[in-house]
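Visitor: What follows is target.tsv, TSV, C-alpha atoms.
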chain	number	residue	atom	x	y	z
A	1	MET	CA	-211.84	77.16	-42.04
A	2	ASP	CA	-211.82	80.13	-39.68
A	3	LEU	CA	-212.74	82.98	-42.03
A	4	ASN	CA	-212.08	85.67	-39.43
A	5	LEU	CA	-208.52	84.37	-39.05
A	6	VAL	CA	-208.12	84.20	-42.82
A	7	ARG	CA	-209.23	87.82	-43.09
A	8	GLN	CA	-206.97	89.01	-40.29
A	9	GLU	CA	-203.87	87.24	-41.58
A	10	LEU	CA	-204.50	88.35	-45.15
A	11	GLN	CA	-204.97	91.94	-44.04
A	12	LYS	CA	-201.57	91.80	-42.34
A	13	LEU	CA	-199.90	90.46	-45.47
A	14	LEU	CA	-201.54	93.02	-47.74
A	15	LYS	CA	-200.80	95.89	-45.37
A	16	GLU	CA	-197.14	94.95	-45.54
A	17	LYS	CA	-196.86	94.00	-49.20
A	18	LEU	CA	-199.59	95.65	-51.29
A	19	VAL	CA	-200.73	98.83	-49.53
A	20	PRO	CA	-197.36	100.62	-49.85
A	21	ILE	CA	-197.11	100.05	-53.61
A	22	ALA	CA	-200.71	99.82	-54.91
A	23	LEU	CA	-201.00	103.42	-56.15
A	24	GLU	CA	-197.50	103.37	-57.61
A	25	CYS	CA	-198.23	100.14	-59.50
A	26	ASP	CA	-201.43	101.70	-60.85
A	27	GLU	CA	-199.58	104.83	-61.94
A	28	LYS	CA	-196.78	102.90	-63.64
A	29	GLY	CA	-198.94	100.11	-65.02
A	30	GLU	CA	-196.86	97.45	-63.27
A	31	PHE	CA	-198.13	94.14	-61.95
A	32	PRO	CA	-196.94	93.55	-58.34
A	33	ILE	CA	-195.44	90.13	-58.99
A	34	GLU	CA	-193.83	89.91	-55.55
A	35	VAL	CA	-197.23	90.38	-53.92
A	36	TYR	CA	-198.72	87.73	-56.20
A	37	ASN	CA	-195.94	85.35	-55.18
A	38	ALA	CA	-196.53	86.06	-51.48
A	39	VAL	CA	-200.27	85.52	-51.87
A	40	ALA	CA	-199.69	82.29	-53.79
A	41	ASP	CA	-197.21	81.00	-51.22
A	42	ALA	CA	-199.66	81.72	-48.39
A	43	GLY	CA	-202.45	79.85	-50.18
A	44	TYR	CA	-204.85	82.77	-50.58
A	45	GLY	CA	-205.04	82.64	-54.37
A	46	SER	CA	-205.82	78.91	-54.38
A	47	ILE	CA	-208.25	79.06	-51.49
A	48	TYR	CA	-211.14	77.75	-53.65
A	49	LEU	CA	-209.17	75.11	-55.57
A	50	PRO	CA	-209.25	71.40	-54.62
A	51	GLU	CA	-207.59	70.46	-51.37
A	52	GLU	CA	-205.99	67.35	-52.87
A	53	TYR	CA	-203.84	69.60	-55.06
A	54	GLY	CA	-202.92	71.99	-52.29
A	55	GLY	CA	-205.86	74.38	-52.45
A	56	GLY	CA	-208.24	75.36	-49.69
A	57	GLY	CA	-211.54	74.16	-51.14
A	58	SER	CA	-213.45	77.11	-49.65
A	59	LEU	CA	-215.87	79.26	-51.65
A	60	ASP	CA	-216.48	81.47	-48.62
A	61	GLY	CA	-212.73	81.90	-48.30
A	62	LEU	CA	-212.54	83.04	-51.91
A	63	LEU	CA	-215.10	85.76	-51.23
A	64	VAL	CA	-213.08	87.02	-48.28
A	65	VAL	CA	-209.89	87.06	-50.34
A	66	MET	CA	-211.46	88.88	-53.28
A	67	GLU	CA	-213.00	91.48	-50.99
A	68	GLU	CA	-209.73	92.15	-49.17
A	69	PHE	CA	-207.75	92.43	-52.42
A	70	SER	CA	-210.36	94.82	-53.82
A	71	LYS	CA	-210.22	97.11	-50.79
A	72	ILE	CA	-206.69	97.99	-51.89
A	73	SER	CA	-206.39	97.17	-55.59
A	74	PRO	CA	-209.26	95.85	-57.72
A	75	ALA	CA	-206.68	95.32	-60.46
A	76	PHE	CA	-204.70	92.92	-58.30
A	77	ALA	CA	-207.93	91.13	-57.42
A	78	LEU	CA	-208.76	90.77	-61.11
A	79	SER	CA	-205.40	89.33	-62.12
A	80	THR	CA	-205.30	86.92	-59.20
A	81	MET	CA	-208.86	85.75	-59.92
A	82	SER	CA	-208.03	85.31	-63.60
A	83	SER	CA	-205.08	83.11	-62.74
A	84	PHE	CA	-206.54	80.97	-59.98
A	85	GLN	CA	-210.22	80.99	-60.95
A	86	LEU	CA	-210.63	81.55	-64.69
A	87	PHE	CA	-207.67	79.27	-65.38
A	88	GLY	CA	-207.35	77.15	-62.24
A	89	TYR	CA	-211.03	76.58	-61.52
A	90	ASN	CA	-211.66	75.51	-65.11
A	91	ILE	CA	-208.85	72.96	-64.87
A	92	ALA	CA	-210.26	71.73	-61.56
A	93	HIS	CA	-213.81	71.61	-62.91
A	94	LEU	CA	-213.20	70.19	-66.39
A	95	GLY	CA	-209.72	68.70	-66.44
A	96	THR	CA	-208.63	65.08	-66.53
A	97	PRO	CA	-206.63	63.75	-63.54
A	98	GLN	CA	-203.49	64.14	-65.64
A	99	GLN	CA	-204.31	67.75	-66.51
A	100	LYS	CA	-205.03	68.59	-62.89
A	101	GLU	CA	-201.73	67.08	-61.80
A	102	LYS	CA	-199.80	68.86	-64.55
A	103	TYR	CA	-201.32	72.33	-64.22
A	104	LEU	CA	-202.93	72.78	-60.81
A	105	LYS	CA	-199.87	71.87	-58.76
A	106	PRO	CA	-197.56	74.36	-60.54
A	107	LEU	CA	-200.27	77.01	-60.29
A	108	ILE	CA	-200.71	76.44	-56.57
A	109	GLN	CA	-197.20	75.50	-55.50
A	110	ASP	CA	-194.83	77.09	-58.02
A	111	ARG	CA	-196.27	80.60	-58.47
A	112	LYS	CA	-197.27	80.00	-62.08
A	113	ILE	CA	-199.74	82.41	-63.68
A	114	GLY	CA	-202.74	81.40	-65.75
A	115	CYS	CA	-205.20	83.14	-68.05
A	116	TRP	CA	-208.43	82.39	-69.93
A	117	ALA	CA	-208.73	83.57	-73.53
A	118	LEU	CA	-212.11	83.95	-75.22
A	119	THR	CA	-212.51	87.51	-76.59
A	120	GLU	CA	-211.18	88.31	-80.06
A	121	PRO	CA	-210.63	91.52	-82.05
A	122	ASP	CA	-213.94	91.00	-83.86
A	123	VAL	CA	-215.78	88.86	-81.31
A	124	GLY	CA	-216.93	89.89	-77.84
A	125	SER	CA	-220.48	89.33	-76.66
A	126	ASP	CA	-221.21	87.00	-79.61
A	127	ALA	CA	-218.88	84.39	-78.13
A	128	VAL	CA	-220.07	81.35	-80.08
A	129	HIS	CA	-218.79	82.92	-83.31
A	130	VAL	CA	-215.11	83.05	-82.35
A	131	LYS	CA	-212.88	83.01	-85.43
A	132	THR	CA	-209.94	81.20	-83.86
A	133	THR	CA	-209.98	77.76	-85.45
A	134	SER	CA	-208.97	74.28	-84.34
A	135	LYS	CA	-208.57	71.42	-86.78
A	136	ARG	CA	-207.73	67.80	-86.09
A	137	ASP	CA	-204.37	66.54	-87.33
A	138	GLY	CA	-203.92	62.99	-86.05
A	139	ASP	CA	-203.11	63.17	-82.35
A	140	PHE	CA	-202.89	66.95	-82.50
A	141	PHE	CA	-205.10	69.98	-83.09
A	142	ILE	CA	-203.85	72.89	-85.21
A	143	VAL	CA	-204.97	76.18	-83.68
A	144	ASN	CA	-204.91	79.50	-85.53
A	145	GLY	CA	-206.25	82.91	-84.61
A	146	SER	CA	-205.87	85.69	-82.08
A	147	LYS	CA	-207.36	86.81	-78.79
A	148	THR	CA	-207.54	90.25	-77.25
A	149	PHE	CA	-208.33	91.97	-73.94
A	150	ILE	CA	-206.99	88.88	-72.16
A	151	THR	CA	-206.18	89.48	-68.51
A	152	ASN	CA	-202.67	88.22	-67.61
A	153	ALA	CA	-201.81	87.31	-71.22
A	154	PRO	CA	-198.50	89.24	-71.23
A	155	ILE	CA	-197.25	87.43	-68.10
A	156	ALA	CA	-199.02	84.07	-68.29
A	157	ASP	CA	-197.35	80.67	-68.08
A	158	PHE	CA	-200.55	78.79	-68.91
A	159	PHE	CA	-203.47	79.63	-71.19
A	160	ILE	CA	-206.96	78.27	-71.73
A	161	VAL	CA	-207.92	79.19	-75.30
A	162	ILE	CA	-211.41	78.84	-76.75
A	163	ALA	CA	-211.53	77.99	-80.47
A	164	ASN	CA	-214.10	77.13	-83.09
A	165	SER	CA	-214.15	73.40	-83.77
A	166	GLY	CA	-216.04	73.61	-87.06
A	167	GLY	CA	-219.51	72.83	-85.76
A	168	LYS	CA	-222.58	75.03	-85.49
A	169	GLY	CA	-223.88	77.19	-82.66
A	170	PHE	CA	-223.09	75.98	-79.18
A	171	ASP	CA	-221.75	72.69	-80.56
A	172	SER	CA	-218.76	74.42	-82.14
A	173	GLY	CA	-216.33	75.11	-79.34
A	174	ASN	CA	-213.08	73.53	-78.18
A	175	ALA	CA	-211.02	74.58	-75.18
A	176	PHE	CA	-207.28	73.93	-75.09
A	177	ILE	CA	-204.60	74.24	-72.43
A	178	LEU	CA	-201.54	75.96	-73.90
A	179	GLU	CA	-198.18	76.71	-72.36
A	180	LYS	CA	-195.78	79.60	-72.70
A	181	GLY	CA	-193.07	78.68	-75.17
A	182	MET	CA	-195.21	76.55	-77.47
A	183	GLN	CA	-194.20	77.11	-81.07
A	184	GLY	CA	-196.56	79.55	-82.75
A	185	LEU	CA	-197.87	81.00	-79.47
A	186	SER	CA	-196.95	84.60	-78.69
A	187	VAL	CA	-198.36	87.53	-76.72
A	188	SER	CA	-198.37	91.31	-76.94
A	189	LYS	CA	-197.03	93.86	-74.54
A	190	PRO	CA	-199.53	95.00	-71.88
A	191	PHE	CA	-202.15	97.45	-73.11
A	192	LYS	CA	-202.20	100.98	-71.72
A	193	LYS	CA	-205.64	101.25	-70.12
A	194	HIS	CA	-208.03	103.69	-68.47
A	195	GLY	CA	-208.28	101.50	-65.37
A	196	HIS	CA	-206.97	98.25	-63.88
A	197	ARG	CA	-203.59	99.49	-64.99
A	198	SER	CA	-201.59	97.13	-62.76
A	199	SER	CA	-203.47	94.13	-64.16
A	200	PRO	CA	-201.66	93.27	-67.41
A	201	THR	CA	-204.01	92.88	-70.37
A	202	GLY	CA	-202.96	91.93	-73.88
A	203	GLN	CA	-203.35	89.91	-77.03
A	204	VAL	CA	-202.61	86.25	-77.71
A	205	TYR	CA	-201.43	85.23	-81.18
A	206	LEU	CA	-201.85	81.65	-82.41
A	207	ASP	CA	-200.01	80.70	-85.60
A	208	GLN	CA	-200.23	77.03	-86.50
A	209	VAL	CA	-199.96	75.98	-82.87
A	210	ARG	CA	-199.80	72.16	-82.64
A	211	VAL	CA	-201.70	71.17	-79.52
A	212	PRO	CA	-201.57	67.54	-78.32
A	213	LYS	CA	-205.00	65.96	-77.95
A	214	GLU	CA	-204.17	65.49	-74.26
A	215	ASN	CA	-204.46	69.27	-73.94
A	216	LEU	CA	-208.10	69.37	-75.00
A	217	LEU	CA	-209.99	70.63	-71.94
A	218	GLY	CA	-213.41	69.13	-71.41
A	219	THR	CA	-215.44	67.42	-74.11
A	220	GLU	CA	-214.68	68.09	-77.76
A	221	HIS	CA	-217.13	70.56	-79.36
A	222	LYS	CA	-218.69	71.38	-75.95
A	223	ALA	CA	-216.54	74.29	-74.75
A	224	PHE	CA	-219.36	76.83	-75.05
A	225	TYR	CA	-221.54	74.71	-72.75
A	226	ASP	CA	-218.67	74.21	-70.31
A	227	MET	CA	-217.81	77.89	-70.07
A	228	LYS	CA	-221.29	78.88	-68.87
A	229	HIS	CA	-220.50	77.71	-65.34
A	230	SER	CA	-217.16	79.50	-65.43
A	231	LEU	CA	-218.87	82.75	-66.45
A	232	ASP	CA	-221.30	82.38	-63.53
A	233	ILE	CA	-218.36	82.20	-61.11
A	234	GLU	CA	-216.64	85.14	-62.80
A	235	ARG	CA	-219.79	87.25	-62.51
A	236	LEU	CA	-220.33	86.19	-58.92
A	237	MET	CA	-216.86	87.51	-58.08
A	238	VAL	CA	-217.97	91.03	-59.03
A	239	GLY	CA	-219.92	90.96	-55.75
A	240	PRO	CA	-216.96	90.79	-53.35
A	241	MET	CA	-214.92	93.05	-55.62
A	242	ILE	CA	-217.51	95.83	-55.29
A	243	MET	CA	-217.99	95.06	-51.59
A	244	GLY	CA	-214.29	95.73	-51.05
A	245	THR	CA	-214.40	98.82	-53.24
A	246	LEU	CA	-217.40	100.31	-51.42
A	247	LYS	CA	-215.93	99.66	-47.98
A	248	THR	CA	-212.78	101.55	-48.91
A	249	LEU	CA	-214.74	104.39	-50.53
A	250	ILE	CA	-216.94	104.74	-47.44
A	251	GLU	CA	-213.95	104.84	-45.11
A	252	LYS	CA	-212.03	107.34	-47.23
A	253	SER	CA	-215.09	109.55	-47.73
A	254	VAL	CA	-216.06	109.71	-44.05
A	255	ILE	CA	-212.50	110.40	-42.91
A	256	TYR	CA	-211.95	113.06	-45.56
A	257	ALA	CA	-215.33	114.74	-45.04
A	258	TYR	CA	-214.69	114.92	-41.30
A	259	SER	CA	-211.30	116.59	-41.78
A	260	ARG	CA	-212.30	118.92	-44.62
A	261	GLN	CA	-213.54	122.25	-43.25
A	262	GLN	CA	-215.78	124.61	-45.21
A	263	PHE	CA	-217.93	127.46	-43.88
A	264	GLY	CA	-216.47	126.88	-40.44
A	265	GLN	CA	-217.50	123.21	-40.11
A	266	PRO	CA	-216.61	119.74	-41.44
A	267	ILE	CA	-218.34	119.02	-44.73
A	268	LEU	CA	-219.44	115.74	-43.11
A	269	THR	CA	-222.13	117.78	-41.31
A	270	PHE	CA	-223.76	118.76	-44.60
A	271	GLN	CA	-226.78	116.67	-45.48
A	272	LEU	CA	-225.87	116.35	-49.16
A	273	ILE	CA	-222.55	114.77	-48.18
A	274	GLN	CA	-224.31	112.47	-45.71
A	275	GLU	CA	-226.75	111.44	-48.43
A	276	LYS	CA	-223.88	110.28	-50.63
A	277	ILE	CA	-222.40	108.24	-47.80
A	278	ALA	CA	-225.80	106.79	-46.93
A	279	ARG	CA	-226.27	105.59	-50.48
A	280	MET	CA	-222.82	104.01	-50.47
A	281	ARG	CA	-223.82	102.07	-47.35
A	282	MET	CA	-227.19	101.14	-48.85
A	283	HIS	CA	-225.58	99.72	-51.97
A	284	LEU	CA	-222.95	97.89	-49.92
A	285	GLU	CA	-225.69	96.11	-47.96
A	286	MET	CA	-227.57	95.22	-51.13
A	287	VAL	CA	-224.50	93.86	-52.92
A	288	THR	CA	-223.56	91.88	-49.81
A	289	ALA	CA	-227.03	90.36	-49.53
A	290	ALA	CA	-227.15	89.45	-53.23
A	291	THR	CA	-223.69	87.89	-53.05
A	292	GLU	CA	-224.63	85.80	-50.03
A	293	LYS	CA	-227.82	84.61	-51.74
A	294	ALA	CA	-225.91	83.58	-54.86
A	295	VAL	CA	-223.29	81.72	-52.82
A	296	HIS	CA	-225.99	79.89	-50.87
A	297	SER	CA	-227.69	78.83	-54.11
A	298	LEU	CA	-224.40	77.65	-55.58
A	299	LYS	CA	-223.68	75.56	-52.50
A	300	GLN	CA	-227.12	74.00	-52.79
A	301	GLY	CA	-226.33	72.92	-56.33
A	302	HIS	CA	-228.76	75.32	-57.98
A	303	SER	CA	-228.11	77.32	-61.13
A	304	ILE	CA	-226.95	80.84	-60.34
A	305	LYS	CA	-227.09	82.13	-63.91
A	306	SER	CA	-229.78	84.76	-63.30
A	307	LEU	CA	-228.53	85.60	-59.81
A	308	ALA	CA	-224.94	86.07	-60.94
A	309	THR	CA	-226.08	88.08	-63.95
A	310	ALA	CA	-228.23	90.39	-61.83
A	311	LEU	CA	-225.46	90.73	-59.24
A	312	LYS	CA	-222.87	91.70	-61.83
A	313	LEU	CA	-225.21	94.18	-63.50
A	314	TYR	CA	-226.19	95.88	-60.26
A	315	ALA	CA	-222.82	95.79	-58.51
A	316	ALA	CA	-220.90	97.13	-61.50
A	317	LYS	CA	-223.39	99.98	-61.93
A	318	VAL	CA	-223.31	101.09	-58.32
A	319	GLY	CA	-219.54	100.65	-58.20
A	320	VAL	CA	-219.13	103.27	-60.91
A	321	GLU	CA	-221.77	105.57	-59.43
A	322	MET	CA	-220.48	105.44	-55.86
A	323	ALA	CA	-216.84	105.79	-56.86
A	324	SER	CA	-217.87	108.93	-58.72
A	325	GLU	CA	-219.61	110.19	-55.58
A	326	ALA	CA	-216.48	109.49	-53.54
A	327	VAL	CA	-214.47	111.60	-55.98
A	328	GLN	CA	-217.12	114.33	-55.64
A	329	ILE	CA	-216.88	114.27	-51.85
A	330	HIS	CA	-213.12	114.71	-52.11
A	331	GLY	CA	-213.57	117.58	-54.57
A	332	GLY	CA	-210.42	118.62	-56.40
A	333	ASN	CA	-208.35	116.30	-54.22
A	334	GLY	CA	-210.49	113.38	-55.36
A	335	TYR	CA	-209.50	114.10	-58.93
A	336	THR	CA	-205.82	113.67	-58.07
A	337	HIS	CA	-204.06	110.32	-57.96
A	338	GLU	CA	-202.58	110.60	-54.48
A	339	TYR	CA	-205.90	110.48	-52.60
A	340	GLY	CA	-206.61	107.03	-54.01
A	341	VAL	CA	-210.29	107.36	-54.92
A	342	GLU	CA	-210.16	108.13	-58.64
A	343	MET	CA	-208.40	104.77	-59.18
A	344	PHE	CA	-211.49	102.98	-57.90
A	345	LEU	CA	-213.67	104.93	-60.32
A	346	ARG	CA	-211.48	103.92	-63.26
A	347	ASP	CA	-211.31	100.32	-62.07
A	348	ALA	CA	-215.04	99.99	-61.47
A	349	LYS	CA	-215.85	100.95	-65.06
A	350	LEU	CA	-214.28	97.76	-66.40
A	351	LEU	CA	-216.84	95.67	-64.53
A	352	GLU	CA	-219.58	97.12	-66.75
A	353	ILE	CA	-217.70	95.74	-69.77
A	354	GLY	CA	-215.59	92.67	-68.98
A	355	GLY	CA	-217.15	89.29	-68.28
A	356	GLY	CA	-220.24	90.35	-70.24
A	357	THR	CA	-221.33	93.92	-70.86
A	358	SER	CA	-224.16	95.44	-68.85
A	359	GLU	CA	-226.24	95.45	-72.01
A	360	MET	CA	-225.75	91.69	-72.35
A	361	MET	CA	-226.62	91.20	-68.68
A	362	LEU	CA	-229.92	93.00	-69.28
A	363	GLN	CA	-230.61	90.85	-72.32
A	364	ILE	CA	-229.91	87.64	-70.40
A	365	LEU	CA	-232.17	88.71	-67.53
A	366	ALA	CA	-234.96	89.66	-69.92
A	367	LYS	CA	-234.80	86.30	-71.73
A	368	ASP	CA	-234.62	84.30	-68.48
A	369	THR	CA	-237.52	86.21	-66.94
A	370	ILE	CA	-239.75	85.86	-70.01
A	371	LYS	CA	-238.92	82.16	-70.18
A	372	ASP	CA	-239.66	81.60	-66.49
A	373	VAL	CA	-243.00	83.43	-66.60
A	374	GLY	CA	-243.95	81.81	-69.88
A	375	LYS	CA	-243.22	78.35	-68.53
A	376	LYS	CA	-245.13	79.01	-65.32
A	377	PHE	CA	-248.29	80.27	-67.01
A	378	GLY	CA	-248.00	78.51	-70.35
A	379	VAL	CA	-248.31	81.72	-72.32
A	380	ILE	CA	-245.08	81.53	-74.36
If you took the structure in this file and wrote it as structure tokens, what would it be?
Guide:
Amino acid sequence: MDLNLVRQELQKLLKEKLVPIALECDEKGEFPIEVYNAVADAGYGSIYLPEEYGGGGSLDGLLVVMEEFSKISPAFALSTMSSFQLFGYNIAHLGTPQQKEKYLKPLIQDRKIGCWALTEPDVGSDAVHVKTTSKRDGDFFIVNGSKTFITNAPIADFFIVIANSGGKGFDSGNAFILEKGMQGLSVSKPFKKHGHRSSPTGQVYLDQVRVPKENLLGTEHKAFYDMKHSLDIERLMVGPMIMGTLKTLIEKSVIYAYSRQQFGQPILTFQLIQEKIARMRMHLEMVTAATEKAVHSLKQGHSIKSLATALKLYAAKVGVEMASEAVQIHGGNGYTHEYGVEMFLRDAKLLEIGGGTSEMMLQILAKDTIKDVGKKFGVI
């Protein structure tokens, strides 16, 4: 796959379809469904899904796509990733041949939208204690409960729902593939949010939903083990999202600071402004290097748990900090919607929360590091 060509062609499509409406969609809280359809038709959303089902099979291609989306609209990047990766990749990774045929082809070829539902009103970081239940009933499972903060829920055709199977600890999870229109399955209207406004987020309600056993995804009781790999991929994707964000912030800041005159000269000549831009570039290089290292490790078949965790923690933090600096460079104009930098600040904040809070990322890194050192030296 020629990644330069992929980037060039995608940039053309987004310049035509997404750039003219991105700020308006953010302001109105509207998902650009026509752009999603165009992206799906062109194969960019499914670029990492299996080739035999019409995908591109390219991890490097996925990074390019996520970066280019995020240069314009991190919210669009999030919704597209949730559909094709959180839903589609899990089907590709865990699904039976029948499930792949039934759900991947419509996702890739028919513009269907997927979502992945774990978080609940009372359960976030403590994922293994989800209160949504699943009980066997012959050839069916009866699923009851609710999910919240679910990206794409209000517009989804397909859902992966994580439920408690009645076991203990990590041996207590089931994952199910649900479809829009199933009796007992309903969703809320999109939430009104601080950021990622054009990415629809909502609740999923499950009232005595009868799920055929054929819709069990992965091994019964093992959903919490299965989702670890999915979370690694989700956290890895924060890398290209922040890469795209930083590239746009750097471009906007340099152009604005060159044109903005104060004290008879462009503010770009002031060292404090240059320092902000230098730090943006520094963080861009660091996020890029960490992303490339994680991708290389994944391709080699190694665990990327710690790498993806560290990448998400660092990238999300600098995304918020540098977006704030971009607003500062733009001054009062940066605080307005029309200059297009405050949106990136609002959008970046979500990455410190969703997919695992920054506090949880620190806890994971601490545990992994103590375990590694203890194993190496036999002290723990």
Visitor: Could you check how far atom CA of Thr80 of chain A sits from atom CA of Val39 of chain A, in Å to one decimal?
Guide: 9.0 Å
Visitor: Excluding segment 93-100 of chain A and its own-chain neighbours fewer than 4 positions away, which residues fall within 6 Å of it when counting all atoms listed in the file? Please give them as a PyMOL selection string.
Guide: chain A and resi 89+104+217-218
Visitor: With all atoms listed in the file as the atoms that count, which of A:Lys376, A:Lys349, A:Lys193, A:Arg136 lies nearest to Gln208 of chain A?
Guide: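 Of the candidates, the smallest distance to Gln208 of chain A is held by A:Arg136.
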Visitor: Could you name the residues that touch segment 361-366 of chain A at 12 Å or less, counting all atoms listed in the file, but leaving out those on the same chain fewer than 2 positions away, as an MDAnalysis selection string?
Guide: chainID A and resid 125 231:232 235 304:317 351:359 368:374
Visitor: Atom CA of Gly301 of chain A to atom CA of Leu63 of chain A: how many Å, to one decimal?
Guide: 17.8 Å
Visitor: Which residue, A:Pro266, A:Pro74, A:Gly45, A:Gly202, has the smallest gap to Thr148 of chain A when you use all atoms listed in the file?
Guide: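 Of A:Pro266, A:Pro74, A:Gly45, A:Gly202, the one nearest Thr148 of chain A, counting all atoms listed in the file, is A:Gly202.
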Visitor: I'd like to know which of A:Lys112, A:Gly332, A:Asn164, A:Lys299 is closest to Ser58 of chain A, using all atoms listed in the file.
Guide: A:Lys299
Visitor: Would you mind listing what lies within 8 Å of Thr151 of chain A as a list in words, with only C-alpha atoms counted and same-chain residues fewer than 4 positions away left out?
Guide: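 Using only C-alpha atoms, the neighbours found are Leu78, Ser79, Ser82, Cys115, Trp116, Ser199, Pro200, Thr201 and Gly202 of chain A.
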Visitor: My list of candidates is A:His221, A:Arg111, A:Lys252, A:Lys28. Which is closest to Ile329 of chain A when distances are computed with only C-alpha atoms?
Guide: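 Ranked by minimum distance to Ile329 of chain A, first place goes to A:Lys252.
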Visitor: Could you check which of A:Leu10, A:Leu350, A:Leu246, A:Ala77 is closest to Met282 of chain A, using all atoms listed in the file?
Guide: A:Leu246
Visitor: Need the shell around Leu216 of chain A: protein/DNA/RNA residues with any atom at most 8 Å away, counting only C-alpha atoms. Skip same-chain ones fewer than 2 positions apart. Format as a list in words?
Guide: Asn174, Ala175, Phe176, Ile177, Pro212, Lys213, Glu214, Gly218, Thr219 and Glu220 of chain A
Visitor: To one decimal place, how far is atom CA of Lys168 of chain A from atom CA of Lys135 of chain A in Å?
Guide: 14.5 Å
Visitor: Hey, what's within 8 Å of segment 341-345 of chain A if we count only C-alpha atoms and toss same-chain stuff fewer than 2 positions away? As a list in words, please?
Guide: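 Close residues of segment 341-345 of chain A: Asp26, Pro74, Gly195, Thr245, Leu249, Lys252, Gly319, Val320, Ala323, Ser324, Ala326, Val327, Gly334, Tyr335, Thr336, His337, Tyr339, Asp347, Ala348 and Lys349 of chain A.
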Visitor: Please determine, counting all atoms listed in the file, which residue among A:Asn37, A:Gln262, A:Thr248, A:Ser134 has the shortest atom-to-atom distance to Asp110 of chain A.
Guide: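 Among the listed residues, A:Asn37 lies closest to Asp110 of chain A.
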